[in-house]
Amino acid sequence: MSKEIFVVAYEGGDDSTLLNYAIERARREDATLHIVHVLEWSPYTFLTPQEVEERHTRRKQEMTRAKEAIIDPAIATATAAGVEATGEMRYGQVVELIAATATAKAAAMIFVGRSGSNSISARVFGSVPLGLAQIAPVPTVIVP
């Protein structure tokens with residue numbers, strides 16, 4: 001029987017509470033963590049071929065830098081706590097990609113941090129935790 005997988009929608013930096021909570025739950029339930037950081041994608045229209053190439057190059061640089069600064073340390077933290085962990089960088093729309101990752105990994109649960117934002121834009125356009133609560137294919141734990 002394989003271990004359950006918990007997907008962690010990880011922002012890095014101030015998300016230590018989220019990561020620590022997910023690690024503790026994984027340790028108690030003998031689960032594996034799959035830590036995902038999504039770099040937001042914003043569509044550009046009418047790009048020249050040169051602009052498309054520049055954007056592609058910048059995207060690769062951003063992905064590498066974010067993996068080294070966010071995913072690798074999070075995996076190291078989980079591993080040091082005795083929890084098996086994998087991770088990946090994604091580029092696109094956060095809510096859709098986290099939900100798709102949970103489906104692809106056959107995850108048992110998603111963990112996401114609550115930003116605490118009370119801004120008008122978050123209330124009008126929604127937030128990642130709210131979006132995941134609406135479309136996630138598995139139970140979603142929102143960690144304050």
# chains A, B, ... in the order shown; residues from 1 in each chain; ligands from 1
>>> residues_around(residues="His34 of chain A", least_positions_apart="5", cutoff="10 Å", atoms="only C-alpha atoms", output="PyMOL selection string")
chain A and resi 5-10+71+75+84-88+101-102+105+107+110
>>> write_last_selection(atoms="all heavy atoms", output="short mmCIF file (atom, residue, chain, number, x, y, z; two decimals), in the first residue's frame")
data_model
loop_
_atom_site.label_atom_id
_atom_site.label_comp_id
_atom_site.auth_asym_id
_atom_site.auth_seq_id
_atom_site.Cartn_x
_atom_site.Cartn_y
_atom_site.Cartn_z
N ILE A 5 -0.58 11.12 -0.36
CA ILE A 5 0.16 12.32 -0.76
C ILE A 5 -0.65 13.54 -0.37
O ILE A 5 -1.84 13.62 -0.64
CB ILE A 5 0.43 12.32 -2.27
CG1 ILE A 5 1.32 11.14 -2.65
CG2 ILE A 5 1.06 13.64 -2.71
CD1 ILE A 5 1.47 10.95 -4.15
N PHE A 6 0.03 14.49 0.27
CA PHE A 6 -0.57 15.78 0.60
C PHE A 6 0.11 16.82 -0.28
O PHE A 6 1.32 16.94 -0.28
CB PHE A 6 -0.35 16.16 2.06
CG PHE A 6 -1.00 15.24 3.07
CD1 PHE A 6 -0.56 15.24 4.38
CD2 PHE A 6 -2.05 14.41 2.74
CE1 PHE A 6 -1.15 14.43 5.33
CE2 PHE A 6 -2.65 13.59 3.68
CZ PHE A 6 -2.19 13.61 4.98
N VAL A 7 -0.66 17.59 -1.02
CA VAL A 7 -0.13 18.68 -1.83
C VAL A 7 -0.12 19.94 -0.97
O VAL A 7 -1.11 20.26 -0.32
CB VAL A 7 -0.98 18.89 -3.11
CG1 VAL A 7 -0.58 20.18 -3.81
CG2 VAL A 7 -0.82 17.71 -4.05
N VAL A 8 1.01 20.64 -1.00
CA VAL A 8 1.15 21.88 -0.25
C VAL A 8 1.34 23.02 -1.25
O VAL A 8 2.31 23.04 -2.00
CB VAL A 8 2.36 21.83 0.71
CG1 VAL A 8 2.47 23.13 1.50
CG2 VAL A 8 2.27 20.63 1.64
N ALA A 9 0.38 23.94 -1.28
CA ALA A 9 0.47 25.14 -2.13
C ALA A 9 1.33 26.14 -1.37
O ALA A 9 0.85 26.84 -0.49
CB ALA A 9 -0.92 25.69 -2.41
N TYR A 10 2.60 26.19 -1.71
CA TYR A 10 3.59 26.88 -0.89
C TYR A 10 4.09 28.15 -1.54
O TYR A 10 4.59 28.14 -2.66
CB TYR A 10 4.77 25.92 -0.63
CG TYR A 10 5.78 26.41 0.35
CD1 TYR A 10 5.42 26.68 1.67
CD2 TYR A 10 7.10 26.59 -0.02
CE1 TYR A 10 6.35 27.12 2.58
CE2 TYR A 10 8.04 27.02 0.89
CZ TYR A 10 7.66 27.29 2.20
OH TYR A 10 8.59 27.72 3.10
N ILE A 71 11.47 25.99 -3.24
CA ILE A 71 11.16 24.56 -3.20
C ILE A 71 12.25 23.75 -2.51
O ILE A 71 11.97 22.94 -1.61
CB ILE A 71 10.89 24.01 -4.62
CG1 ILE A 71 9.60 24.62 -5.18
CG2 ILE A 71 10.80 22.48 -4.62
CD1 ILE A 71 8.35 24.24 -4.43
N ILE A 75 11.74 21.38 0.83
CA ILE A 75 11.97 19.93 0.80
C ILE A 75 12.99 19.55 1.87
O ILE A 75 12.83 18.56 2.58
CB ILE A 75 12.41 19.46 -0.60
CG1 ILE A 75 11.25 19.60 -1.59
CG2 ILE A 75 12.92 18.02 -0.56
CD1 ILE A 75 11.63 19.36 -3.04
N GLU A 84 9.01 12.36 4.01
CA GLU A 84 9.37 12.27 2.59
C GLU A 84 8.68 13.40 1.84
O GLU A 84 7.49 13.65 2.04
CB GLU A 84 8.92 10.92 2.04
CG GLU A 84 9.31 10.68 0.61
CD GLU A 84 8.82 9.33 0.10
OE1 GLU A 84 8.58 8.41 0.91
OE2 GLU A 84 8.67 9.22 -1.13
N ALA A 85 9.44 14.09 0.98
CA ALA A 85 8.86 15.23 0.27
C ALA A 85 9.44 15.35 -1.13
O ALA A 85 10.61 15.05 -1.36
CB ALA A 85 9.10 16.53 1.04
N THR A 86 8.59 15.79 -2.04
CA THR A 86 9.00 16.13 -3.40
C THR A 86 8.47 17.54 -3.65
O THR A 86 7.71 18.07 -2.86
CB THR A 86 8.41 15.16 -4.44
OG1 THR A 86 6.97 15.19 -4.32
CG2 THR A 86 8.91 13.75 -4.24
N GLY A 87 8.87 18.11 -4.76
CA GLY A 87 8.38 19.44 -5.05
C GLY A 87 8.48 19.78 -6.51
O GLY A 87 9.18 19.10 -7.27
N GLU A 88 7.79 20.82 -6.88
CA GLU A 88 7.85 21.27 -8.27
C GLU A 88 7.45 22.73 -8.36
O GLU A 88 6.73 23.25 -7.51
CB GLU A 88 6.96 20.44 -9.17
CG GLU A 88 5.47 20.62 -8.95
CD GLU A 88 4.62 19.81 -9.91
OE1 GLU A 88 4.74 20.01 -11.13
OE2 GLU A 88 3.83 18.99 -9.41
N THR A 101 -2.65 19.52 -10.03
CA THR A 101 -1.56 18.75 -9.42
C THR A 101 -2.12 17.73 -8.44
O THR A 101 -1.68 16.58 -8.41
CB THR A 101 -0.56 19.68 -8.72
OG1 THR A 101 0.00 20.59 -9.68
CG2 THR A 101 0.56 18.90 -8.06
N ALA A 102 -3.10 18.15 -7.65
CA ALA A 102 -3.73 17.22 -6.70
C ALA A 102 -4.36 16.04 -7.42
O ALA A 102 -4.25 14.89 -6.99
CB ALA A 102 -4.76 17.95 -5.85
N LYS A 105 -1.52 13.77 -8.96
CA LYS A 105 -0.78 13.02 -7.92
C LYS A 105 -1.68 12.10 -7.11
O LYS A 105 -1.20 11.40 -6.22
CB LYS A 105 -0.08 14.00 -6.97
CG LYS A 105 1.02 14.81 -7.60
CD LYS A 105 2.23 13.94 -7.81
CE LYS A 105 3.39 14.72 -8.36
NZ LYS A 105 4.54 13.87 -8.60
N ALA A 107 -3.72 12.99 -4.87
CA ALA A 107 -3.52 13.48 -3.50
C ALA A 107 -4.74 13.22 -2.64
O ALA A 107 -5.87 13.18 -3.13
CB ALA A 107 -3.20 14.98 -3.52
N ILE A 110 -5.13 18.83 0.21
CA ILE A 110 -4.36 20.01 -0.17
C ILE A 110 -4.25 20.91 1.06
O ILE A 110 -5.22 21.11 1.78
CB ILE A 110 -5.06 20.81 -1.29
CG1 ILE A 110 -5.16 19.99 -2.57
CG2 ILE A 110 -4.31 22.13 -1.57
CD1 ILE A 110 -6.04 20.63 -3.65
#
>>> closest_residue(among="A:Ala136, A:Val141, A:Gln50, A:Asp72", to="Gly113 of chain A", atoms="only C-alpha atoms")
A:Val141
>>> residues_around(residues="Ala81 of chain A", least_positions_apart="2", cutoff="12 Å", atoms="only C-alpha atoms", output="PyMOL selection string")
chain A and resi 19-28+33+74-79+83-85
>>> write_last_selection(atoms="all heavy atoms", output="compact mmCIF listing (two decimals), in the first residue's frame")
# COMPACT_ATOMS: atom_id res chain seq x y z
N LEU A 19 3.94 25.28 6.16
CA LEU A 19 4.86 24.15 5.94
C LEU A 19 4.98 23.31 7.20
O LEU A 19 4.90 22.07 7.13
CB LEU A 19 6.22 24.65 5.49
CG LEU A 19 7.24 23.57 5.13
CD1 LEU A 19 6.72 22.69 3.98
CD2 LEU A 19 8.58 24.20 4.75
N ASN A 20 5.13 23.93 8.34
CA ASN A 20 5.27 23.18 9.59
C ASN A 20 4.00 22.38 9.90
O ASN A 20 4.08 21.24 10.36
CB ASN A 20 5.60 24.12 10.75
CG ASN A 20 6.99 24.69 10.63
OD1 ASN A 20 7.87 24.11 9.99
ND2 ASN A 20 7.20 25.85 11.23
N TYR A 21 2.84 22.96 9.63
CA TYR A 21 1.58 22.24 9.86
C TYR A 21 1.48 21.03 8.94
O TYR A 21 1.12 19.93 9.37
CB TYR A 21 0.39 23.17 9.67
CG TYR A 21 -0.93 22.50 9.96
CD1 TYR A 21 -1.37 22.35 11.27
CD2 TYR A 21 -1.72 22.00 8.93
CE1 TYR A 21 -2.57 21.72 11.56
CE2 TYR A 21 -2.92 21.38 9.21
CZ TYR A 21 -3.35 21.23 10.52
OH TYR A 21 -4.53 20.59 10.79
N ALA A 22 1.80 21.23 7.66
CA ALA A 22 1.74 20.13 6.70
C ALA A 22 2.73 19.02 7.07
O ALA A 22 2.41 17.83 6.96
CB ALA A 22 2.01 20.65 5.29
N ILE A 23 3.92 19.41 7.50
CA ILE A 23 4.92 18.42 7.92
C ILE A 23 4.40 17.62 9.11
O ILE A 23 4.51 16.38 9.13
CB ILE A 23 6.27 19.11 8.26
CG1 ILE A 23 6.95 19.60 6.98
CG2 ILE A 23 7.19 18.17 9.04
CD1 ILE A 23 8.15 20.51 7.22
N GLU A 24 3.84 18.30 10.08
CA GLU A 24 3.32 17.60 11.26
C GLU A 24 2.20 16.64 10.90
O GLU A 24 2.16 15.50 11.37
CB GLU A 24 2.85 18.62 12.31
CG GLU A 24 2.36 17.97 13.60
CD GLU A 24 3.39 17.06 14.25
OE1 GLU A 24 4.61 17.34 14.17
OE2 GLU A 24 2.98 16.03 14.83
N ARG A 25 1.27 17.07 10.04
CA ARG A 25 0.18 16.18 9.61
C ARG A 25 0.73 14.99 8.83
O ARG A 25 0.27 13.86 9.02
CB ARG A 25 -0.82 16.95 8.75
CG ARG A 25 -1.71 17.90 9.50
CD ARG A 25 -2.77 17.20 10.37
NE ARG A 25 -3.66 16.34 9.62
CZ ARG A 25 -4.83 16.72 9.11
NH1 ARG A 25 -5.25 17.94 9.27
NH2 ARG A 25 -5.56 15.86 8.44
N ALA A 26 1.69 15.24 7.95
CA ALA A 26 2.28 14.14 7.17
C ALA A 26 3.00 13.15 8.08
O ALA A 26 2.91 11.94 7.88
CB ALA A 26 3.24 14.70 6.12
N ARG A 27 3.69 13.66 9.08
CA ARG A 27 4.40 12.78 10.01
C ARG A 27 3.40 11.92 10.79
O ARG A 27 3.58 10.71 10.92
CB ARG A 27 5.26 13.61 10.96
CG ARG A 27 6.13 12.75 11.85
CD ARG A 27 7.04 13.48 12.81
NE ARG A 27 6.73 14.87 12.98
CZ ARG A 27 7.64 15.84 12.93
NH1 ARG A 27 8.90 15.56 12.69
NH2 ARG A 27 7.29 17.09 13.13
N ARG A 28 2.33 12.53 11.29
CA ARG A 28 1.33 11.78 12.06
C ARG A 28 0.61 10.74 11.22
O ARG A 28 0.23 9.69 11.72
CB ARG A 28 0.29 12.73 12.66
CG ARG A 28 0.76 13.38 13.94
CD ARG A 28 -0.37 14.11 14.61
NE ARG A 28 -0.70 15.26 13.77
CZ ARG A 28 -1.77 16.01 13.92
NH1 ARG A 28 -2.65 15.74 14.84
NH2 ARG A 28 -1.99 17.04 13.13
N LEU A 33 4.70 14.54 1.33
CA LEU A 33 4.34 15.88 0.90
C LEU A 33 4.80 16.12 -0.54
O LEU A 33 5.90 15.70 -0.92
CB LEU A 33 4.99 16.95 1.79
CG LEU A 33 4.55 17.00 3.24
CD1 LEU A 33 5.29 18.13 3.95
CD2 LEU A 33 3.05 17.18 3.36
N ALA A 74 12.30 24.09 1.26
CA ALA A 74 11.10 23.48 1.86
C ALA A 74 11.24 21.97 1.90
O ALA A 74 10.89 21.33 2.90
CB ALA A 74 9.85 23.89 1.07
N ILE A 75 11.74 21.38 0.83
CA ILE A 75 11.97 19.93 0.80
C ILE A 75 12.99 19.55 1.87
O ILE A 75 12.83 18.56 2.58
CB ILE A 75 12.41 19.46 -0.60
CG1 ILE A 75 11.25 19.60 -1.59
CG2 ILE A 75 12.92 18.02 -0.56
CD1 ILE A 75 11.63 19.36 -3.04
N ALA A 76 14.05 20.34 2.00
CA ALA A 76 15.08 20.07 3.00
C ALA A 76 14.50 20.13 4.42
O ALA A 76 14.83 19.29 5.27
CB ALA A 76 16.24 21.06 2.85
N THR A 77 13.61 21.08 4.66
CA THR A 77 12.97 21.21 5.97
C THR A 77 12.12 19.98 6.28
O THR A 77 12.18 19.43 7.38
CB THR A 77 12.10 22.49 6.03
OG1 THR A 77 12.95 23.62 5.83
CG2 THR A 77 11.36 22.61 7.36
N ALA A 78 11.33 19.55 5.30
CA ALA A 78 10.49 18.36 5.49
C ALA A 78 11.34 17.12 5.71
O ALA A 78 11.07 16.31 6.61
CB ALA A 78 9.56 18.17 4.29
N THR A 79 12.37 16.96 4.91
CA THR A 79 13.25 15.80 5.01
C THR A 79 13.94 15.77 6.38
O THR A 79 14.04 14.71 7.01
CB THR A 79 14.28 15.80 3.87
OG1 THR A 79 13.57 15.81 2.62
CG2 THR A 79 15.18 14.58 3.92
N VAL A 83 10.08 13.58 7.08
CA VAL A 83 8.95 13.41 6.17
C VAL A 83 9.46 13.37 4.74
O VAL A 83 10.23 14.22 4.32
CB VAL A 83 7.93 14.57 6.35
CG1 VAL A 83 6.85 14.51 5.29
CG2 VAL A 83 7.34 14.55 7.74
N GLU A 84 9.01 12.36 4.01
CA GLU A 84 9.37 12.27 2.59
C GLU A 84 8.68 13.40 1.84
O GLU A 84 7.49 13.65 2.04
CB GLU A 84 8.92 10.92 2.04
CG GLU A 84 9.31 10.68 0.61
CD GLU A 84 8.82 9.33 0.10
OE1 GLU A 84 8.58 8.41 0.91
OE2 GLU A 84 8.67 9.22 -1.13
N ALA A 85 9.44 14.09 0.98
CA ALA A 85 8.86 15.23 0.27
C ALA A 85 9.44 15.35 -1.13
O ALA A 85 10.61 15.05 -1.36
CB ALA A 85 9.10 16.53 1.04
>>> closest_residue(among="A:Val52, A:Val138, A:Val38, A:Ala133", to="Leu97 of chain A", atoms="only C-alpha atoms")
A:Val38
>>> atom_distance(atom1="atom CA of Thr48 of chain A", atom2="atom CA of Arg65 of chain A")
25.7 Å
>>> atom_distance(atom1="atom CA of Val112 of chain A", atom2="atom CA of Asp30 of chain A")
19.3 Å
>>> residues_around(residues="Val95 of chain A", least_positions_apart="4", cutoff="7 Å", atoms="only C-alpha atoms", output="short mmCIF file (atom, residue, chain, number, x, y, z; two decimals) with N, CA and C atoms, in the first residue's frame")
data_model
loop_
_atom_site.label_atom_id
_atom_site.label_comp_id
_atom_site.auth_asym_id
_atom_site.auth_seq_id
_atom_site.Cartn_x
_atom_site.Cartn_y
_atom_site.Cartn_z
N ALA A 99 -5.07 22.50 -8.12
CA ALA A 99 -6.12 21.49 -8.25
C ALA A 99 -5.71 20.40 -9.24
N VAL A 128 -6.62 32.55 -3.44
CA VAL A 128 -6.23 31.16 -3.69
C VAL A 128 -6.97 30.21 -2.75
N GLY A 131 -10.58 30.01 -3.89
CA GLY A 131 -10.67 29.31 -5.17
C GLY A 131 -10.50 27.82 -5.02
N LEU A 132 -9.52 27.41 -4.20
CA LEU A 132 -9.30 25.97 -3.98
C LEU A 132 -10.47 25.34 -3.24
#
>>> select_by_dssp(residues="chain A", states="strand (DSSP E)", output="compact mmCIF listing (two decimals) with all heavy atoms, in the first residue's frame")
# COMPACT_ATOMS: atom_id res chain seq x y z
N ILE A 5 -0.58 11.12 -0.36
CA ILE A 5 0.16 12.32 -0.76
C ILE A 5 -0.65 13.54 -0.37
O ILE A 5 -1.84 13.62 -0.64
CB ILE A 5 0.43 12.32 -2.27
CG1 ILE A 5 1.32 11.14 -2.65
CG2 ILE A 5 1.06 13.64 -2.71
CD1 ILE A 5 1.47 10.95 -4.15
N PHE A 6 0.03 14.49 0.27
CA PHE A 6 -0.57 15.78 0.60
C PHE A 6 0.11 16.82 -0.28
O PHE A 6 1.32 16.94 -0.28
CB PHE A 6 -0.35 16.16 2.06
CG PHE A 6 -1.00 15.24 3.07
CD1 PHE A 6 -0.56 15.24 4.38
CD2 PHE A 6 -2.05 14.41 2.74
CE1 PHE A 6 -1.15 14.43 5.33
CE2 PHE A 6 -2.65 13.59 3.68
CZ PHE A 6 -2.19 13.61 4.98
N VAL A 7 -0.66 17.59 -1.02
CA VAL A 7 -0.13 18.68 -1.83
C VAL A 7 -0.12 19.94 -0.97
O VAL A 7 -1.11 20.26 -0.32
CB VAL A 7 -0.98 18.89 -3.11
CG1 VAL A 7 -0.58 20.18 -3.81
CG2 VAL A 7 -0.82 17.71 -4.05
N VAL A 8 1.01 20.64 -1.00
CA VAL A 8 1.15 21.88 -0.25
C VAL A 8 1.34 23.02 -1.25
O VAL A 8 2.31 23.04 -2.00
CB VAL A 8 2.36 21.83 0.71
CG1 VAL A 8 2.47 23.13 1.50
CG2 VAL A 8 2.27 20.63 1.64
N ALA A 9 0.38 23.94 -1.28
CA ALA A 9 0.47 25.14 -2.13
C ALA A 9 1.33 26.14 -1.37
O ALA A 9 0.85 26.84 -0.49
CB ALA A 9 -0.92 25.69 -2.41
N THR A 32 3.27 11.49 2.40
CA THR A 32 4.32 12.17 1.66
C THR A 32 3.82 13.55 1.27
O THR A 32 2.65 13.71 0.92
CB THR A 32 4.66 11.38 0.37
OG1 THR A 32 5.13 10.09 0.74
CG2 THR A 32 5.71 12.08 -0.45
N LEU A 33 4.70 14.54 1.33
CA LEU A 33 4.34 15.88 0.90
C LEU A 33 4.80 16.12 -0.54
O LEU A 33 5.90 15.70 -0.92
CB LEU A 33 4.99 16.95 1.79
CG LEU A 33 4.55 17.00 3.24
CD1 LEU A 33 5.29 18.13 3.95
CD2 LEU A 33 3.05 17.18 3.36
N HIS A 34 3.97 16.79 -1.29
CA HIS A 34 4.37 17.29 -2.62
C HIS A 34 4.17 18.79 -2.56
O HIS A 34 3.04 19.29 -2.55
CB HIS A 34 3.55 16.66 -3.74
CG HIS A 34 4.04 17.06 -5.09
ND1 HIS A 34 5.26 16.64 -5.58
CD2 HIS A 34 3.52 17.89 -6.02
CE1 HIS A 34 5.45 17.18 -6.78
NE2 HIS A 34 4.41 17.95 -7.06
N ILE A 35 5.29 19.51 -2.50
CA ILE A 35 5.27 20.96 -2.30
C ILE A 35 5.30 21.65 -3.66
O ILE A 35 6.18 21.39 -4.48
CB ILE A 35 6.47 21.38 -1.44
CG1 ILE A 35 6.43 20.63 -0.10
CG2 ILE A 35 6.49 22.89 -1.23
CD1 ILE A 35 7.73 20.67 0.68
N VAL A 36 4.34 22.53 -3.88
CA VAL A 36 4.20 23.18 -5.19
C VAL A 36 4.22 24.70 -5.00
O VAL A 36 3.51 25.24 -4.17
CB VAL A 36 2.87 22.78 -5.87
CG1 VAL A 36 2.77 23.42 -7.25
CG2 VAL A 36 2.74 21.27 -5.96
N HIS A 37 5.05 25.34 -5.80
CA HIS A 37 5.06 26.81 -5.85
C HIS A 37 4.69 27.20 -7.27
O HIS A 37 5.27 26.69 -8.23
CB HIS A 37 6.44 27.37 -5.49
CG HIS A 37 6.49 28.86 -5.55
ND1 HIS A 37 5.96 29.65 -4.56
CD2 HIS A 37 6.99 29.70 -6.48
CE1 HIS A 37 6.15 30.92 -4.88
NE2 HIS A 37 6.76 30.98 -6.05
N VAL A 38 3.73 28.10 -7.39
CA VAL A 38 3.28 28.53 -8.71
C VAL A 38 3.66 29.99 -8.92
O VAL A 38 3.30 30.85 -8.11
CB VAL A 38 1.75 28.36 -8.87
CG1 VAL A 38 1.30 28.85 -10.24
CG2 VAL A 38 1.34 26.92 -8.64
N LEU A 39 4.39 30.23 -9.98
CA LEU A 39 4.66 31.60 -10.40
C LEU A 39 3.47 32.02 -11.25
O LEU A 39 3.13 31.36 -12.23
CB LEU A 39 5.95 31.68 -11.22
CG LEU A 39 7.23 31.40 -10.44
CD1 LEU A 39 8.42 31.30 -11.40
CD2 LEU A 39 7.47 32.48 -9.42
N GLU A 40 2.82 33.08 -10.83
CA GLU A 40 1.62 33.55 -11.54
C GLU A 40 1.93 33.86 -13.00
O GLU A 40 2.97 34.42 -13.32
CB GLU A 40 1.08 34.82 -10.89
CG GLU A 40 0.26 34.57 -9.66
CD GLU A 40 -1.17 34.16 -9.95
OE1 GLU A 40 -1.57 34.05 -11.12
OE2 GLU A 40 -1.88 33.94 -8.97
N ALA A 85 9.44 14.09 0.98
CA ALA A 85 8.86 15.23 0.27
C ALA A 85 9.44 15.35 -1.13
O ALA A 85 10.61 15.05 -1.36
CB ALA A 85 9.10 16.53 1.04
N THR A 86 8.59 15.79 -2.04
CA THR A 86 9.00 16.13 -3.40
C THR A 86 8.47 17.54 -3.65
O THR A 86 7.71 18.07 -2.86
CB THR A 86 8.41 15.16 -4.44
OG1 THR A 86 6.97 15.19 -4.32
CG2 THR A 86 8.91 13.75 -4.24
N GLY A 87 8.87 18.11 -4.76
CA GLY A 87 8.38 19.44 -5.05
C GLY A 87 8.48 19.78 -6.51
O GLY A 87 9.18 19.10 -7.27
N GLU A 88 7.79 20.82 -6.88
CA GLU A 88 7.85 21.27 -8.27
C GLU A 88 7.45 22.73 -8.36
O GLU A 88 6.73 23.25 -7.51
CB GLU A 88 6.96 20.44 -9.17
CG GLU A 88 5.47 20.62 -8.95
CD GLU A 88 4.62 19.81 -9.91
OE1 GLU A 88 4.74 20.01 -11.13
OE2 GLU A 88 3.83 18.99 -9.41
N MET A 89 7.96 23.36 -9.40
CA MET A 89 7.61 24.72 -9.75
C MET A 89 6.63 24.62 -10.90
O MET A 89 6.81 23.82 -11.81
CB MET A 89 8.84 25.49 -10.23
CG MET A 89 9.89 25.71 -9.17
SD MET A 89 9.34 26.77 -7.84
CE MET A 89 8.65 28.14 -8.73
N ARG A 90 5.61 25.46 -10.87
CA ARG A 90 4.66 25.54 -11.98
C ARG A 90 4.56 27.00 -12.38
O ARG A 90 4.89 27.90 -11.60
CB ARG A 90 3.29 25.00 -11.57
CG ARG A 90 3.24 23.56 -11.08
CD ARG A 90 3.48 22.51 -12.14
NE ARG A 90 2.57 22.56 -13.25
CZ ARG A 90 1.46 21.86 -13.37
NH1 ARG A 90 1.10 21.02 -12.42
NH2 ARG A 90 0.70 21.98 -14.44
N TYR A 91 4.05 27.23 -13.55
CA TYR A 91 3.94 28.58 -14.07
C TYR A 91 2.55 28.72 -14.67
O TYR A 91 2.21 27.99 -15.61
CB TYR A 91 5.01 28.81 -15.14
CG TYR A 91 5.20 30.24 -15.56
CD1 TYR A 91 5.86 31.14 -14.75
CD2 TYR A 91 4.72 30.68 -16.78
CE1 TYR A 91 6.05 32.45 -15.14
CE2 TYR A 91 4.91 31.99 -17.19
CZ TYR A 91 5.58 32.87 -16.37
OH TYR A 91 5.76 34.17 -16.75
N GLY A 92 1.72 29.57 -14.09
CA GLY A 92 0.37 29.74 -14.61
C GLY A 92 -0.58 30.24 -13.56
O GLY A 92 -0.21 31.01 -12.67
N MET A 109 -5.18 15.23 0.10
CA MET A 109 -5.51 16.50 0.72
C MET A 109 -4.62 17.60 0.15
O MET A 109 -3.52 17.33 -0.32
CB MET A 109 -5.28 16.40 2.23
CG MET A 109 -5.93 17.46 3.05
SD MET A 109 -5.76 17.15 4.85
CE MET A 109 -6.34 15.47 5.02
N ILE A 110 -5.13 18.83 0.21
CA ILE A 110 -4.36 20.01 -0.17
C ILE A 110 -4.25 20.91 1.06
O ILE A 110 -5.22 21.11 1.78
CB ILE A 110 -5.06 20.81 -1.29
CG1 ILE A 110 -5.16 19.99 -2.57
CG2 ILE A 110 -4.31 22.13 -1.57
CD1 ILE A 110 -6.04 20.63 -3.65
N PHE A 111 -3.05 21.44 1.27
CA PHE A 111 -2.83 22.43 2.32
C PHE A 111 -2.49 23.75 1.65
O PHE A 111 -1.64 23.80 0.76
CB PHE A 111 -1.67 22.02 3.24
CG PHE A 111 -1.98 20.82 4.08
CD1 PHE A 111 -1.68 19.55 3.62
CD2 PHE A 111 -2.57 20.96 5.32
CE1 PHE A 111 -1.97 18.44 4.38
CE2 PHE A 111 -2.86 19.85 6.09
CZ PHE A 111 -2.56 18.58 5.62
N VAL A 112 -3.12 24.82 2.11
CA VAL A 112 -2.87 26.15 1.56
C VAL A 112 -2.91 27.15 2.71
O VAL A 112 -3.68 26.99 3.66
CB VAL A 112 -3.91 26.52 0.46
CG1 VAL A 112 -5.31 26.56 1.00
CG2 VAL A 112 -3.55 27.82 -0.22
N GLY A 113 -2.06 28.15 2.62
CA GLY A 113 -2.04 29.18 3.65
C GLY A 113 -3.06 30.26 3.37
O GLY A 113 -3.39 30.55 2.22
N THR A 140 -9.51 20.41 1.31
CA THR A 140 -8.51 21.45 1.35
C THR A 140 -8.47 22.05 2.75
O THR A 140 -9.49 22.46 3.28
CB THR A 140 -8.84 22.56 0.33
OG1 THR A 140 -8.86 21.96 -0.98
CG2 THR A 140 -7.81 23.67 0.35
N VAL A 141 -7.27 22.06 3.32
CA VAL A 141 -7.08 22.61 4.65
C VAL A 141 -6.48 24.00 4.49
O VAL A 141 -5.43 24.16 3.87
CB VAL A 141 -6.12 21.73 5.49
CG1 VAL A 141 -5.84 22.37 6.83
CG2 VAL A 141 -6.70 20.34 5.66
N ILE A 142 -7.15 25.01 5.02
CA ILE A 142 -6.67 26.39 4.97
C ILE A 142 -6.01 26.68 6.31
O ILE A 142 -6.66 26.65 7.35
CB ILE A 142 -7.81 27.37 4.68
CG1 ILE A 142 -8.47 27.02 3.33
CG2 ILE A 142 -7.29 28.80 4.68
CD1 ILE A 142 -9.73 27.78 3.03
N VAL A 143 -4.70 26.95 6.25
CA VAL A 143 -3.91 27.15 7.46
C VAL A 143 -3.73 28.64 7.68
O VAL A 143 -3.18 29.32 6.83
CB VAL A 143 -2.54 26.45 7.34
CG1 VAL A 143 -1.72 26.66 8.60
CG2 VAL A 143 -2.71 24.97 7.05
